[in-house]
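> Can you keep this structure in mind? I'll have questions shortly.
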Amino acid sequence: MNAQAPALRDPRLNSLEPLTPPLGDGGFFQRDRSIHPPAHAPGYKSSVLRSPRQSLLSLENSVSEITGPVFGHNDLGPLDNDLIRNYARDGDPVGERIIVHGRVLDETGRGVPNTLVEFWQANAGGRYRHKKDTYLAPVDPNFGGCGRALTDDTGYYYFRTVKPGPYPWRNYVNSWRPAHIHFSVFGSGFAQRLITQMYFEGDPLIPVCPILTTIPDKDALDRLVAPLDLNASTPFDSLAYRFDIVLRGQRSTYFENRTAGN
Amino acid sequence: MPQPLNYLKETASQTAGPYVHIGLIPAMAGFDIFEKNFSNVLTTPNTEGERITLEGKVLDGAGTPLRDVLLEIWQANASGRYNHPADRSAGALEQEFRGWGRAGSDFESALVTFETIKPGAILDKAGRTCAPHINVWIVARGINIGLNTRLYFSDEEAANAADPVLNLIEQPARRSTLIAKRSERAGKVVYSFTIHLQGPEETVFFDV
């Protein structure tokens, strides 16, 4: 499996970095829907009644789409990116200690700075801390299962957690989710808003997951699989996985060349 | 072979799943973890503008309301200004009003509510006036990629009739799927909406 192939290449090292001229309309690059799962994907049964059947109406980006909420460090608490400690009651949670880290980039390869990344997951036994989850695996008293981080000025983020476990779910009678972490990312404009899931290199449940296989493009699926990043691991403490996230690129705006207020 | 362009590909979307609350609204999942939480209340006591409640449901193709859906809204303030550096319009910026909120549907009633203000009109790039509207983003179990739609206001008939986005909708009957209906309840202004994911009354969703 070609896990995260484009992600491991630092885009700044390309001899030809994609550029956009400073004459644009500020709109985002058109979304390539061929790499996303279709709304109606019958193998994932819940999508059947929850998928629009009319064509989406294509909308040239206006100020409503190129703007979006701005977050700052004041929105976060000091333990928000430490899932090993942010719900600990009488000790650390059970499970493999891991670091998840990477960059939020846009399609031109530039880091997306100061953007909010939120994540949530099941515990090491595959059980969610959620009042609607009834799976028989136990809740871990020291694990909440959620956190958030703000990317730095290069788009980098990281957090610490335990590796989530796989769990069964109602789709076919014997459907199991591969171990995964849910990610929510904002970007700079509301049209970049994205929710996705990160999977772990080598998980044998990946090719048989009815949710993952809604993605029609093999490379796009592989880009959701985080490779083990031994260089970023902490000896005698935590393994590390690298997960880069790419949001839509954006054309420049006229405004950038104008004096403020003009 | 021409020179390579070397654009990266956008990361593929995946469903938010049934337990989206854990990460985005942990109180709804049944626990308290963050010092500061995001919510469905966009206003502070200082916010300018008419206080409104947005209240609605999201229905599936069988007409059943979703009880595990999450909505986010993004809107301009009462002067028509978004709290974002890319908005260079003339309206007064209010730093305290972020203009964004999120809400999960109630597990029993399926209602989604927001407490906010009615936004002002904005101008599009061509200088045309756009009717006041609120941008909506919808995720849930069974929704593979977030759905974008808008809410307009039933008491803005003239502005809605001239709105360049509403007028892009080829079938006039479908424009009404985006109009929230104004009413008053116990002295509060409520705008009600129903989002149909599918079926004869399917809401207009946008590829933004």
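Lettering and numbering for the structure tokens are positional, with chains as A, B, ... in the shown order, residues counted from 1 in each chain, and ligands counted from 1 in the shown order.
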Residues within 12 Å of Glu184 (chain B), please, as a PyMOL selection string. Count only C-alpha atoms; anything in the same chain fewer than 4 positions from it doesn't count.
chain B and resi 51-54+188-192
> Please provide as number ranges by chain all residues within 9 Å of Phe107 (chain B), with the sequence filter that same-chain residues fewer than 3 positions apart are discarded (counting only C-alpha atoms).
B: 28, 66-68, 104, 110-111
> Residues near Arg31 (chain A), anyone? I mean within 10 Å using only C-alpha atoms, not counting same-chain ones fewer than 3 positions away, as a PyMOL selection string.
(chain A and resi 28+34-36+191-192+247-249) or (chain B and resi 9-10+207-208)
> Take the residues from that selection and write them out as a compact mmCIF listing (two decimals), in the first residue's frame, keeping all heavy atoms.

```txt
# COMPACT_ATOMS: atom_id res chain seq x y z
N PHE A 28 -11.78 29.55 -4.33
CA PHE A 28 -11.06 28.29 -4.15
C PHE A 28 -11.04 27.51 -5.45
O PHE A 28 -11.94 27.65 -6.28
CB PHE A 28 -11.72 27.47 -3.04
CG PHE A 28 -11.48 28.06 -1.68
CD1 PHE A 28 -12.47 28.79 -1.04
CD2 PHE A 28 -10.26 27.92 -1.06
CE1 PHE A 28 -12.24 29.37 0.20
CE2 PHE A 28 -10.01 28.49 0.18
CZ PHE A 28 -11.00 29.21 0.81
N SER A 34 -14.20 13.68 -8.02
CA SER A 34 -13.91 12.29 -8.38
C SER A 34 -13.03 11.60 -7.34
O SER A 34 -12.91 10.38 -7.34
CB SER A 34 -13.23 12.24 -9.75
OG SER A 34 -11.91 12.75 -9.67
N ILE A 35 -12.41 12.37 -6.46
CA ILE A 35 -11.58 11.75 -5.42
C ILE A 35 -12.32 11.63 -4.09
O ILE A 35 -11.79 11.08 -3.13
CB ILE A 35 -10.25 12.51 -5.20
CG1 ILE A 35 -10.53 13.95 -4.78
CG2 ILE A 35 -9.38 12.46 -6.45
CD1 ILE A 35 -9.31 14.64 -4.20
N HIS A 36 -13.53 12.15 -4.04
CA HIS A 36 -14.33 12.06 -2.82
C HIS A 36 -15.37 10.95 -2.96
O HIS A 36 -15.77 10.62 -4.08
CB HIS A 36 -15.07 13.39 -2.58
CG HIS A 36 -14.15 14.50 -2.17
ND1 HIS A 36 -13.59 14.59 -0.92
CD2 HIS A 36 -13.69 15.57 -2.86
CE1 HIS A 36 -12.83 15.67 -0.85
NE2 HIS A 36 -12.87 16.28 -2.02
N ALA A 191 -15.63 27.30 2.48
CA ALA A 191 -15.68 26.31 1.40
C ALA A 191 -14.57 25.26 1.52
O ALA A 191 -14.57 24.28 0.78
CB ALA A 191 -15.59 27.01 0.04
N GLN A 192 -13.62 25.46 2.42
CA GLN A 192 -12.57 24.46 2.65
C GLN A 192 -12.93 23.46 3.74
O GLN A 192 -12.18 22.51 3.97
CB GLN A 192 -11.25 25.13 3.06
CG GLN A 192 -10.51 25.83 1.94
CD GLN A 192 -9.26 26.52 2.47
OE1 GLN A 192 -9.33 27.35 3.36
NE2 GLN A 192 -8.11 26.18 1.93
N LEU A 247 -6.14 20.71 2.02
CA LEU A 247 -7.38 21.44 1.76
C LEU A 247 -7.33 22.08 0.38
O LEU A 247 -6.26 22.16 -0.24
CB LEU A 247 -7.59 22.52 2.83
CG LEU A 247 -7.62 22.03 4.27
CD1 LEU A 247 -7.81 23.21 5.23
CD2 LEU A 247 -8.73 21.00 4.48
N ARG A 248 -8.45 22.56 -0.08
CA ARG A 248 -8.50 23.17 -1.41
C ARG A 248 -7.58 24.40 -1.49
O ARG A 248 -7.45 25.16 -0.54
CB ARG A 248 -9.94 23.60 -1.72
CG ARG A 248 -10.85 22.40 -1.83
CD ARG A 248 -12.29 22.83 -1.78
NE ARG A 248 -12.66 23.60 -2.96
CZ ARG A 248 -13.83 24.21 -3.08
NH1 ARG A 248 -14.72 24.16 -2.10
NH2 ARG A 248 -14.11 24.89 -4.17
N GLY A 249 -6.97 24.56 -2.64
CA GLY A 249 -6.16 25.74 -2.89
C GLY A 249 -7.03 26.94 -3.22
O GLY A 249 -8.24 26.80 -3.47
N LYS B 9 -3.43 16.90 -4.18
CA LYS B 9 -4.86 16.56 -4.26
C LYS B 9 -5.49 16.79 -2.88
O LYS B 9 -4.90 16.45 -1.85
CB LYS B 9 -5.02 15.09 -4.64
CG LYS B 9 -4.56 14.76 -6.04
CD LYS B 9 -5.60 15.17 -7.05
CE LYS B 9 -5.33 14.51 -8.40
NZ LYS B 9 -6.33 14.98 -9.39
N GLU B 10 -6.71 17.31 -2.92
CA GLU B 10 -7.43 17.49 -1.66
C GLU B 10 -7.59 16.14 -0.94
O GLU B 10 -7.77 15.11 -1.60
CB GLU B 10 -8.82 18.09 -1.93
CG GLU B 10 -9.55 18.53 -0.68
CD GLU B 10 -10.99 18.94 -0.94
OE1 GLU B 10 -11.52 18.70 -2.05
OE2 GLU B 10 -11.62 19.50 -0.01
N ASP B 207 -22.46 23.24 -4.77
CA ASP B 207 -21.06 22.88 -4.92
C ASP B 207 -20.31 24.21 -4.85
O ASP B 207 -20.27 24.95 -5.83
CB ASP B 207 -20.83 22.18 -6.27
CG ASP B 207 -19.43 21.61 -6.38
OD1 ASP B 207 -18.68 21.64 -5.39
OD2 ASP B 207 -19.10 21.13 -7.48
N VAL B 208 -19.77 24.49 -3.69
CA VAL B 208 -19.11 25.81 -3.50
C VAL B 208 -17.63 25.69 -3.83
O VAL B 208 -16.89 26.59 -3.65
CB VAL B 208 -19.31 26.35 -2.07
CG1 VAL B 208 -20.78 26.59 -1.82
CG2 VAL B 208 -18.74 25.41 -1.03
```
> Hey, which bits of region 159-197 of chain B sit within 9 Å of region 53-72 of chain A, and for each residue what's the closest pair of atoms and how far apart in Å (one decimal), counting only C-alpha atoms, rows by chain and increasing number, as a Markdown table?

```
| residue | atom | partner | partner_atom | distance |
| --- | --- | --- | --- | --- |
| B:Val165 | CA | A:Leu59 | CA | 7.7 |
| B:Leu168 | CA | A:Leu57 | CA | 8.2 |
| B:Ile169 | CA | A:Leu57 | CA | 7.5 |
| B:Leu197 | CA | A:Arg53 | CA | 8.3 |
```
> Taking the DSSP secondary structure from the backbone, can you list the residues of chain B that are helix (DSSP H, G or I), as a PyMOL selection string?
chain B and resi 20-24+26-29+157-161+166-168+172-178
> Could the residues in this selection be saved with C-alpha atoms as a PDB file, in the first residue's frame?

```
ATOM      1  CA  VAL B  20     -19.445  13.293  15.864  1.00  0.00           C
ATOM      2  CA  HIS B  21     -20.486  14.873  19.162  1.00  0.00           C
ATOM      3  CA  ILE B  22     -17.463  13.431  20.968  1.00  0.00           C
ATOM      4  CA  GLY B  23     -15.094  15.645  19.061  1.00  0.00           C
ATOM      5  CA  LEU B  24     -17.233  18.655  18.261  1.00  0.00           C
ATOM      6  CA  PRO B  26     -18.683  16.598  23.817  1.00  0.00           C
ATOM      7  CA  ALA B  27     -21.471  17.670  26.178  1.00  0.00           C
ATOM      8  CA  MET B  28     -23.955  15.987  23.828  1.00  0.00           C
ATOM      9  CA  ALA B  29     -21.914  12.772  23.939  1.00  0.00           C
ATOM     10  CA  GLU B 157     -39.277  38.993  -0.289  1.00  0.00           C
ATOM     11  CA  ALA B 158     -37.965  41.816  -2.470  1.00  0.00           C
ATOM     12  CA  ALA B 159     -34.323  41.116  -1.667  1.00  0.00           C
ATOM     13  CA  ASN B 160     -34.816  37.388  -2.200  1.00  0.00           C
ATOM     14  CA  ALA B 161     -36.467  38.013  -5.578  1.00  0.00           C
ATOM     15  CA  LEU B 166     -31.526  32.274  -5.608  1.00  0.00           C
ATOM     16  CA  ASN B 167     -31.980  33.284  -9.230  1.00  0.00           C
ATOM     17  CA  LEU B 168     -29.399  30.722 -10.320  1.00  0.00           C
ATOM     18  CA  PRO B 172     -38.533  28.633  -9.062  1.00  0.00           C
ATOM     19  CA  ALA B 173     -40.283  26.100  -6.826  1.00  0.00           C
ATOM     20  CA  ARG B 174     -36.939  24.867  -5.529  1.00  0.00           C
ATOM     21  CA  ARG B 175     -35.910  28.357  -4.374  1.00  0.00           C
ATOM     22  CA  SER B 176     -38.408  28.060  -1.543  1.00  0.00           C
ATOM     23  CA  THR B 177     -36.390  25.160  -0.079  1.00  0.00           C
ATOM     24  CA  LEU B 178     -33.902  27.777   1.150  1.00  0.00           C
TER      25      LEU B 178
END
```
> Calculated over only C-alpha atoms, which of the candidates A:Val100, A:Val246, A:Ala124, A:Leu105 has the smallest distance to chain B?
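So, comparing all the options, the nearest one is A:Val246.
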> Between B:Cys130, B:Leu8, B:Val69, B:Ala140, which one has atoms that come closest to Ala162 (chain B), using only C-alpha atoms?
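Smallest separation from Ala162 (chain B) among the options: B:Cys130.
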> Skip Pro132 (chain B) itself and residues of its chain fewer than 2 positions away, then list as a PyMOL selection string all residues within 6 Å of it, counting only C-alpha atoms.
chain B and resi 119-121
> Write the residues you've just listed into a file as a PDB file, in the first residue's frame, and include N, CA and C atoms for each of them.

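As written to disk, result31.pdb reads:
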```pdb
ATOM      1  N   PRO B 119     -28.420  38.555   9.750  1.00  0.00           N
ATOM      2  CA  PRO B 119     -27.293  39.229   9.090  1.00  0.00           C
ATOM      3  C   PRO B 119     -27.767  40.323   8.136  1.00  0.00           C
ATOM      4  N   GLY B 120     -26.867  41.239   7.830  1.00  0.00           N
ATOM      5  CA  GLY B 120     -27.156  42.248   6.830  1.00  0.00           C
ATOM      6  C   GLY B 120     -26.929  41.723   5.429  1.00  0.00           C
ATOM      7  N   ALA B 121     -27.359  42.491   4.445  1.00  0.00           N
ATOM      8  CA  ALA B 121     -27.122  42.129   3.043  1.00  0.00           C
ATOM      9  C   ALA B 121     -25.641  42.327   2.734  1.00  0.00           C
TER      10      ALA B 121
END
```
> Would you please work out which residue, of B:Asp60, B:Glu108, B:Glu96, B:Glu201, is nearest to chain A when using only C-alpha atoms?
B:Asp60
> Just the number, please: distance in Å from CA of Asn86 (chain A) to CA of Arg103 (chain A), one decimal.
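It comes out at 22.5 Å.
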> Name the residues of region 43-258 of chain A that fall into strand (DSSP E or B) according to DSSP on the backbone, using the chain letters and numbers of this document, as an MDAnalysis selection string.
chainID A and resid 57:58 82 97:106 111 116:121 146:150 156:162 167:169 175:177 180:185 194:200 225:226 228 234 238:242 245:247 250 253
> Compare B:Pro200, B:Gly127, B:Pro164, B:Gly146 by their minimum atom-to-atom distance to Pro38 (chain A), counting only C-alpha atoms, and give me the closest one.
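Comparing B:Pro200, B:Gly127, B:Pro164, B:Gly146 against Pro38 (chain A), the winner is B:Gly146.
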> Neighbours of Pro37 (chain A) within 10 Å (only C-alpha atoms; same-chain residues fewer than 2 positions away dropped), as an mmCIF file with N, CA, C and O atoms, in the first residue's frame?

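File produced: out-v5.cif:
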```cif
data_model
loop_
_atom_site.group_PDB
_atom_site.id
_atom_site.type_symbol
_atom_site.label_atom_id
_atom_site.label_comp_id
_atom_site.auth_asym_id
_atom_site.auth_seq_id
_atom_site.Cartn_x
_atom_site.Cartn_y
_atom_site.Cartn_z
ATOM 1 N N ARG A 33 -14.449 16.311 -7.368
ATOM 2 C CA ARG A 33 -15.325 15.376 -6.651
ATOM 3 C C ARG A 33 -15.030 13.923 -6.999
ATOM 4 O O ARG A 33 -15.534 13.024 -6.326
ATOM 5 N N SER A 34 -14.205 13.678 -8.017
ATOM 6 C CA SER A 34 -13.907 12.287 -8.382
ATOM 7 C C SER A 34 -13.028 11.600 -7.343
ATOM 8 O O SER A 34 -12.908 10.380 -7.339
ATOM 9 N N ILE A 35 -12.411 12.369 -6.455
ATOM 10 C CA ILE A 35 -11.580 11.748 -5.419
ATOM 11 C C ILE A 35 -12.317 11.635 -4.088
ATOM 12 O O ILE A 35 -11.788 11.079 -3.133
ATOM 13 N N ALA A 39 -22.127 10.902 -2.741
ATOM 14 C CA ALA A 39 -23.129 10.989 -1.661
ATOM 15 C C ALA A 39 -23.877 9.659 -1.524
ATOM 16 O O ALA A 39 -24.111 9.178 -0.421
ATOM 17 N N HIS A 40 -24.241 9.079 -2.653
ATOM 18 C CA HIS A 40 -25.003 7.830 -2.655
ATOM 19 C C HIS A 40 -24.046 6.684 -2.916
ATOM 20 O O HIS A 40 -23.551 6.515 -4.029
ATOM 21 N N ALA A 41 -23.742 5.927 -1.885
ATOM 22 C CA ALA A 41 -22.782 4.823 -1.969
ATOM 23 C C ALA A 41 -23.438 3.616 -1.304
ATOM 24 O O ALA A 41 -23.320 3.430 -0.092
ATOM 25 N N ILE A 211 -17.082 1.862 4.562
ATOM 26 C CA ILE A 211 -17.027 3.332 4.540
ATOM 27 C C ILE A 211 -15.801 3.796 3.755
ATOM 28 O O ILE A 211 -15.897 4.677 2.889
ATOM 29 N N LEU A 212 -14.659 3.182 4.029
ATOM 30 C CA LEU A 212 -13.449 3.589 3.303
ATOM 31 C C LEU A 212 -13.592 3.317 1.808
ATOM 32 O O LEU A 212 -13.143 4.103 0.967
ATOM 33 N N THR A 213 -14.206 2.196 1.474
ATOM 34 C CA THR A 213 -14.279 1.830 0.055
ATOM 35 C C THR A 213 -15.359 2.602 -0.694
ATOM 36 O O THR A 213 -15.572 2.369 -1.881
ATOM 37 N N THR A 214 -16.023 3.552 -0.014
ATOM 38 C CA THR A 214 -16.869 4.483 -0.782
ATOM 39 C C THR A 214 -15.994 5.404 -1.629
ATOM 40 O O THR A 214 -16.491 6.026 -2.569
ATOM 41 N N ILE A 215 -14.714 5.516 -1.292
ATOM 42 C CA ILE A 215 -13.810 6.387 -2.057
ATOM 43 C C ILE A 215 -13.433 5.673 -3.351
ATOM 44 O O ILE A 215 -12.855 4.585 -3.311
ATOM 45 N N PRO A 216 -13.778 6.264 -4.492
ATOM 46 C CA PRO A 216 -13.585 5.548 -5.741
ATOM 47 C C PRO A 216 -12.135 5.548 -6.239
ATOM 48 O O PRO A 216 -11.793 4.730 -7.087
ATOM 49 N N ASP A 217 -11.319 6.413 -5.718
ATOM 50 C CA ASP A 217 -9.976 6.606 -6.249
ATOM 51 C C ASP A 217 -8.978 5.960 -5.276
ATOM 52 O O ASP A 217 -8.886 6.356 -4.115
ATOM 53 N N ALA A 220 -6.529 8.277 -3.588
ATOM 54 C CA ALA A 220 -7.181 9.126 -2.583
ATOM 55 C C ALA A 220 -7.412 8.347 -1.299
ATOM 56 O O ALA A 220 -7.272 8.882 -0.192
ATOM 57 N N LEU A 221 -7.758 7.062 -1.454
ATOM 58 C CA LEU A 221 -7.944 6.205 -0.277
ATOM 59 C C LEU A 221 -6.604 6.036 0.450
ATOM 60 O O LEU A 221 -6.519 6.175 1.673
ATOM 61 N N ALA B 12 -9.483 13.238 0.807
ATOM 62 C CA ALA B 12 -10.857 12.763 0.609
ATOM 63 C C ALA B 12 -11.681 12.941 1.881
ATOM 64 O O ALA B 12 -11.189 12.760 2.998
ATOM 65 N N SER B 13 -12.940 13.275 1.688
ATOM 66 C CA SER B 13 -13.875 13.383 2.802
ATOM 67 C C SER B 13 -14.272 11.993 3.296
ATOM 68 O O SER B 13 -14.252 11.018 2.544
ATOM 69 N N GLN B 14 -14.642 11.911 4.559
ATOM 70 C CA GLN B 14 -15.266 10.716 5.116
ATOM 71 C C GLN B 14 -16.397 11.174 6.023
ATOM 72 O O GLN B 14 -16.353 12.279 6.579
ATOM 73 N N THR B 15 -17.370 10.295 6.195
ATOM 74 C CA THR B 15 -18.509 10.638 7.045
ATOM 75 C C THR B 15 -18.056 11.052 8.449
ATOM 76 O O THR B 15 -17.063 10.526 8.966
ATOM 77 N N ILE B 143 -23.682 10.723 5.571
ATOM 78 C CA ILE B 143 -23.364 11.839 4.668
ATOM 79 C C ILE B 143 -21.861 11.758 4.410
ATOM 80 O O ILE B 143 -21.056 11.977 5.320
ATOM 81 N N ASN B 144 -21.498 11.413 3.173
ATOM 82 C CA ASN B 144 -20.096 11.113 2.873
ATOM 83 C C ASN B 144 -19.240 12.352 2.703
ATOM 84 O O ASN B 144 -18.029 12.297 2.893
ATOM 85 N N ILE B 145 -19.860 13.428 2.302
ATOM 86 C CA ILE B 145 -19.128 14.698 2.170
ATOM 87 C C ILE B 145 -20.080 15.801 2.597
ATOM 88 O O ILE B 145 -21.263 15.789 2.228
#
```
> Given only C-alpha atoms as the basis, pick out the residue of A:Phe29, A:Phe243, A:Phe119, A:Tyr199 nearest to chain B.
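Answer, going by the shortest atom-to-atom distance: A:Phe119.
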